[in-house]
$ cat query-v2.txt   # compact mmCIF, C-alpha atoms
# COMPACT_ATOMS: atom_id res chain seq x y z
CA MET A 1 0.00 0.00 0.00
CA SER A 2 1.34 3.40 -0.95
CA VAL A 3 1.50 5.99 1.80
CA PHE A 4 2.13 9.72 2.04
CA LEU A 5 5.67 10.39 3.24
CA GLY A 6 7.68 13.47 4.08
CA THR A 7 7.02 17.17 4.47
CA HIS A 8 7.10 19.47 1.47
CA GLU A 9 6.64 23.23 1.29
CA ASN A 10 5.04 24.73 -1.80
CA ARG A 11 4.17 28.30 -2.73
CA PHE A 12 0.82 29.71 -3.73
CA ASP A 13 0.87 31.18 -7.23
CA ALA A 14 -0.60 34.57 -8.20
CA LYS A 15 -4.03 32.96 -8.69
CA GLY A 16 -4.04 31.37 -5.22
CA ARG A 17 -3.25 27.85 -6.44
CA VAL A 18 -0.77 25.51 -4.80
CA SER A 19 0.70 22.28 -6.19
CA ILE A 20 0.19 19.04 -4.36
CA PRO A 21 3.68 17.49 -4.12
CA ALA A 22 4.40 15.08 -6.99
CA GLY A 23 4.91 12.11 -4.67
CA PHE A 24 1.56 12.75 -3.01
CA ARG A 25 -0.14 13.01 -6.42
CA THR A 26 1.36 9.63 -7.33
CA VAL A 27 -0.16 8.03 -4.23
CA LEU A 28 -3.51 9.72 -4.86
CA LYS A 29 -3.59 8.51 -8.47
CA ALA A 30 -2.65 4.96 -7.44
CA GLN A 31 -5.62 4.88 -5.06
CA HIS A 32 -8.02 6.72 -7.34
CA THR A 33 -11.28 5.17 -8.50
CA GLU A 34 -12.91 6.44 -11.70
CA GLY A 35 -15.78 8.79 -10.90
CA ASP A 36 -14.38 9.92 -7.52
CA SER A 37 -12.53 13.13 -6.83
CA LEU A 38 -8.79 12.71 -6.46
CA VAL A 39 -8.67 14.21 -2.97
CA ILE A 40 -11.09 15.33 -0.27
CA LEU A 41 -10.05 18.20 1.99
CA ARG A 42 -11.57 18.79 5.41
CA PRO A 43 -10.63 20.65 8.60
CA SER A 44 -8.92 18.58 11.27
CA HIS A 45 -11.05 18.00 14.37
CA THR A 46 -8.05 18.34 16.67
CA MET A 47 -5.39 20.48 15.00
CA PRO A 48 -5.10 23.74 13.05
CA CYS A 49 -4.51 22.00 9.74
CA ILE A 50 -6.37 20.65 6.73
CA GLU A 51 -6.70 16.90 6.31
CA ALA A 52 -6.40 15.52 2.77
CA TRP A 53 -8.01 12.15 2.13
CA PRO A 54 -8.00 9.87 -0.90
CA ALA A 55 -11.69 9.27 -1.72
CA GLY A 56 -11.51 5.58 -0.76
CA ALA A 57 -9.98 6.33 2.62
CA PHE A 58 -12.58 9.03 3.26
CA SER A 59 -15.32 6.51 2.43
CA ARG A 60 -13.88 4.11 5.02
CA LEU A 61 -13.74 6.96 7.55
CA THR A 62 -17.47 7.54 7.15
CA GLN A 63 -18.54 3.86 7.36
CA PRO A 64 -19.29 3.98 11.12
CA LEU A 65 -22.22 6.26 10.26
CA ASP A 66 -23.99 3.21 8.83
CA ARG A 67 -24.09 1.66 12.31
CA LEU A 68 -26.00 4.60 13.80
CA ASP A 69 -29.72 5.26 13.60
CA MET A 70 -29.88 7.67 10.68
CA PHE A 71 -32.50 9.76 12.51
CA SER A 72 -30.47 10.08 15.73
CA ASP A 73 -28.69 13.20 16.97
CA GLU A 74 -25.43 11.21 17.04
CA HIS A 75 -25.77 10.40 13.34
CA ASP A 76 -26.63 14.01 12.47
CA ASP A 77 -23.70 15.38 14.47
CA LEU A 78 -21.16 12.97 13.03
CA ALA A 79 -22.50 13.39 9.48
CA ALA A 80 -22.31 17.18 9.77
CA ALA A 81 -18.78 17.01 11.21
CA LEU A 82 -17.57 14.69 8.44
CA TYR A 83 -19.47 15.89 5.36
CA ALA A 84 -20.51 19.54 5.78
CA ASP A 85 -16.97 20.92 5.67
CA ALA A 86 -15.50 18.36 3.24
CA TYR A 87 -14.41 19.59 -0.19
CA PRO A 88 -13.75 17.10 -3.00
CA LEU A 89 -11.13 18.43 -5.41
CA ASP A 90 -9.40 17.46 -8.60
CA PRO A 91 -6.06 19.16 -9.30
CA ASP A 92 -5.41 20.77 -12.68
CA ARG A 93 -2.90 19.22 -15.12
CA GLU A 94 0.01 20.70 -13.16
CA GLY A 95 -1.28 19.26 -9.88
CA ARG A 96 -2.51 22.59 -8.51
CA ILE A 97 -5.55 23.09 -6.28
CA ILE A 98 -7.33 26.08 -4.82
CA ILE A 99 -7.89 25.60 -1.10
CA PRO A 100 -11.31 26.91 -0.06
CA ASP A 101 -11.19 30.06 2.12
CA PHE A 102 -12.90 28.31 5.05
CA LEU A 103 -10.14 25.70 5.17
CA ARG A 104 -7.38 28.31 4.76
CA GLU A 105 -8.83 30.18 7.74
CA HIS A 106 -8.98 26.96 9.81
CA ALA A 107 -5.30 26.24 9.10
CA GLY A 108 -4.15 29.84 9.59
CA ILE A 109 -2.88 30.16 6.03
CA THR A 110 -4.96 33.09 4.81
CA GLU A 111 -1.90 35.35 4.66
CA SER A 112 0.70 32.67 3.95
CA THR A 113 2.64 32.55 0.71
CA THR A 114 3.62 28.91 1.33
CA VAL A 115 2.07 25.84 2.90
CA ALA A 116 3.55 22.63 4.25
CA PHE A 117 2.21 19.32 2.99
CA MET A 118 2.88 16.75 5.71
CA GLY A 119 2.54 13.04 4.97
CA VAL A 120 0.99 11.05 7.80
CA GLY A 121 0.61 7.62 6.23
CA ARG A 122 -2.82 7.00 4.73
CA THR A 123 -3.56 10.73 4.51
CA PHE A 124 -1.69 14.00 4.41
CA GLN A 125 -2.15 17.33 6.13
CA ILE A 126 -1.74 20.91 4.96
CA TRP A 127 -0.25 23.31 7.50
CA GLU A 128 1.08 26.80 7.92
CA PRO A 129 4.83 26.02 7.64
CA GLU A 130 5.92 27.16 11.12
CA ALA A 131 2.97 25.37 12.73
CA ALA A 132 3.99 22.22 10.81
CA ARG A 133 7.55 22.46 12.18
CA GLN A 134 6.19 22.83 15.70
CA ARG A 135 3.79 19.91 15.22
CA ARG A 136 6.56 17.61 13.94
CA ALA A 137 8.82 18.54 16.86
CA GLU A 138 6.00 17.96 19.34
CA ALA A 139 5.11 14.62 17.70
CA ARG A 140 8.73 13.44 17.81
CA GLN A 141 8.95 14.31 21.50
CA ARG A 142 5.63 12.73 22.44
CA SER A 143 6.23 9.62 20.29
CA ARG A 144 9.17 8.66 22.50
CA ARG A 145 6.64 7.75 25.20
CA ILE A 146 4.41 5.64 22.95
CA SER A 147 4.62 1.87 22.89
CA ILE A 148 2.68 -0.02 20.25
CA PRO A 149 1.20 -3.34 21.39
CA ALA A 150 2.46 -6.43 19.60
CA ALA A 151 0.35 -7.73 16.69
CA ARG A 152 -2.20 -10.37 17.56
CA ASP A 153 -3.72 -13.23 15.56
CA GLY A 154 -1.36 -12.83 12.62
CA GLN A 155 -2.35 -9.20 12.05
CA GLU A 156 0.29 -6.72 11.05
CA GLY A 157 0.82 -3.88 13.50
CA GLY A 158 2.15 -0.37 13.20
CA ALA A 159 -0.32 0.91 10.61
CA ALA A 160 -0.07 4.62 9.95

$ encode --input "query-v2.txt" --output "structure tokens"
Amino acid sequence: MSVFLGTHENRFDAKGRVSIPAGFRTVLKAQHTEGDSLVILRPSHTMPCIEAWPAGAFSRLTQPLDRLDMFSDEHDDLAAALYADAYPLDPDREGRIIIPDFLREHAGITESTTVAFMGVGRTFQIWEPEAARQRRAEARQRSRRISIPAARDGQEGGAA
């Protein structure tokens, strides 16, 4: 399975477009299904960044909704949180996208000339560059205290 790796900074052009890093586009295209958008952007629930999901991964993210009563408040809340602020996008031929203003505001990149694309395995995130540096430093520090349980029943562990 292809994953999103590394952190890459790209500049906005004069029209407000930014290129998704070539390696990330390769992963998106490898996972793409005809008829779906190449990428779905949404605000992170927990951090000041934009999450970028391949359509298939986003579909798997939303599957738990099917286990809730579709007329319940829990279903409505989760559906609104997942779908209402999600933006399906297809880059142009040069791999550029325009990030919706709402998402730029969420990530603090309304005045930025560059953004950081940060690979986090099955998805990637879009950050204000200094905030991305701080997040990576914090993650490295906190990860030293994390122990991952051993795989059970022949399952592979350590999924991103």

$ closest_residue --input "query-v2.txt" --among "A:Ala132, A:Leu82, A:Ile146, A:Leu38" --to "His8 of chain A" --atoms "all atoms listed in the file"
A:Ala132

$ residues_around --input "query-v2.txt" --residues "segment 93-97 of chain A" --least-positions-apart "6" --cutoff "9 Å" --atoms "all atoms listed in the file" --output "VMD selection string"
chain A and resid 16 to 22 25

$ closest_residue --input "query-v2.txt" --among "A:Leu65, A:Val27, A:Leu78, A:Met47" --to "Glu128 of chain A" --atoms "all atoms listed in the file"
A:Met47

$ atom_distance --input "query-v2.txt" --atom1 "atom CA of Arg60 of chain A" --atom2 "atom CA of Phe102 of chain A"
24.2 Å

$ residues_near_point --input "query-v2.txt" --point "(-4.2, 9.7, 4.0)" --cutoff "9 Å" --atoms "all atoms listed in the file" --output "number ranges by chain"
A: 3-4, 28, 51-54, 57-58, 119-125, 160

$ residues_around --input "query-v2.txt" --residues "Ser37 of chain A" --least-positions-apart "6" --cutoff "8 Å" --atoms "all atoms listed in the file" --output "PyMOL selection string"
chain A and resi 55+88-90

$ write_last_selection --input "query-v2.txt" --atoms "C-alpha atoms" --output "compact mmCIF listing (two decimals), in the coordinates of the input"
# COMPACT_ATOMS: atom_id res chain seq x y z
CA ALA A 55 -11.69 9.27 -1.72
CA PRO A 88 -13.75 17.10 -3.00
CA LEU A 89 -11.13 18.43 -5.41
CA ASP A 90 -9.40 17.46 -8.60

$ residues_near_point --input "query-v2.txt" --point "(-9.5, 18.9, 7.6)" --cutoff "8 Å" --atoms "only C-alpha atoms" --output "PyMOL selection string"
chain A and resi 41-45+49-52+85-86+103+125

$ closest_residue --input "query-v2.txt" --among "A:Asp77, A:Asn10, A:Phe71, A:Arg142" --to "Trp127 of chain A" --atoms "only C-alpha atoms"
A:Asn10

$ atom_distance --input "query-v2.txt" --atom1 "atom CA of Arg140 of chain A" --atom2 "atom CA of Val115 of chain A"
20.5 Å

$ atom_distance --input "query-v2.txt" --atom1 "atom CA of Arg11 of chain A" --atom2 "atom CA of Thr110 of chain A"
12.8 Å
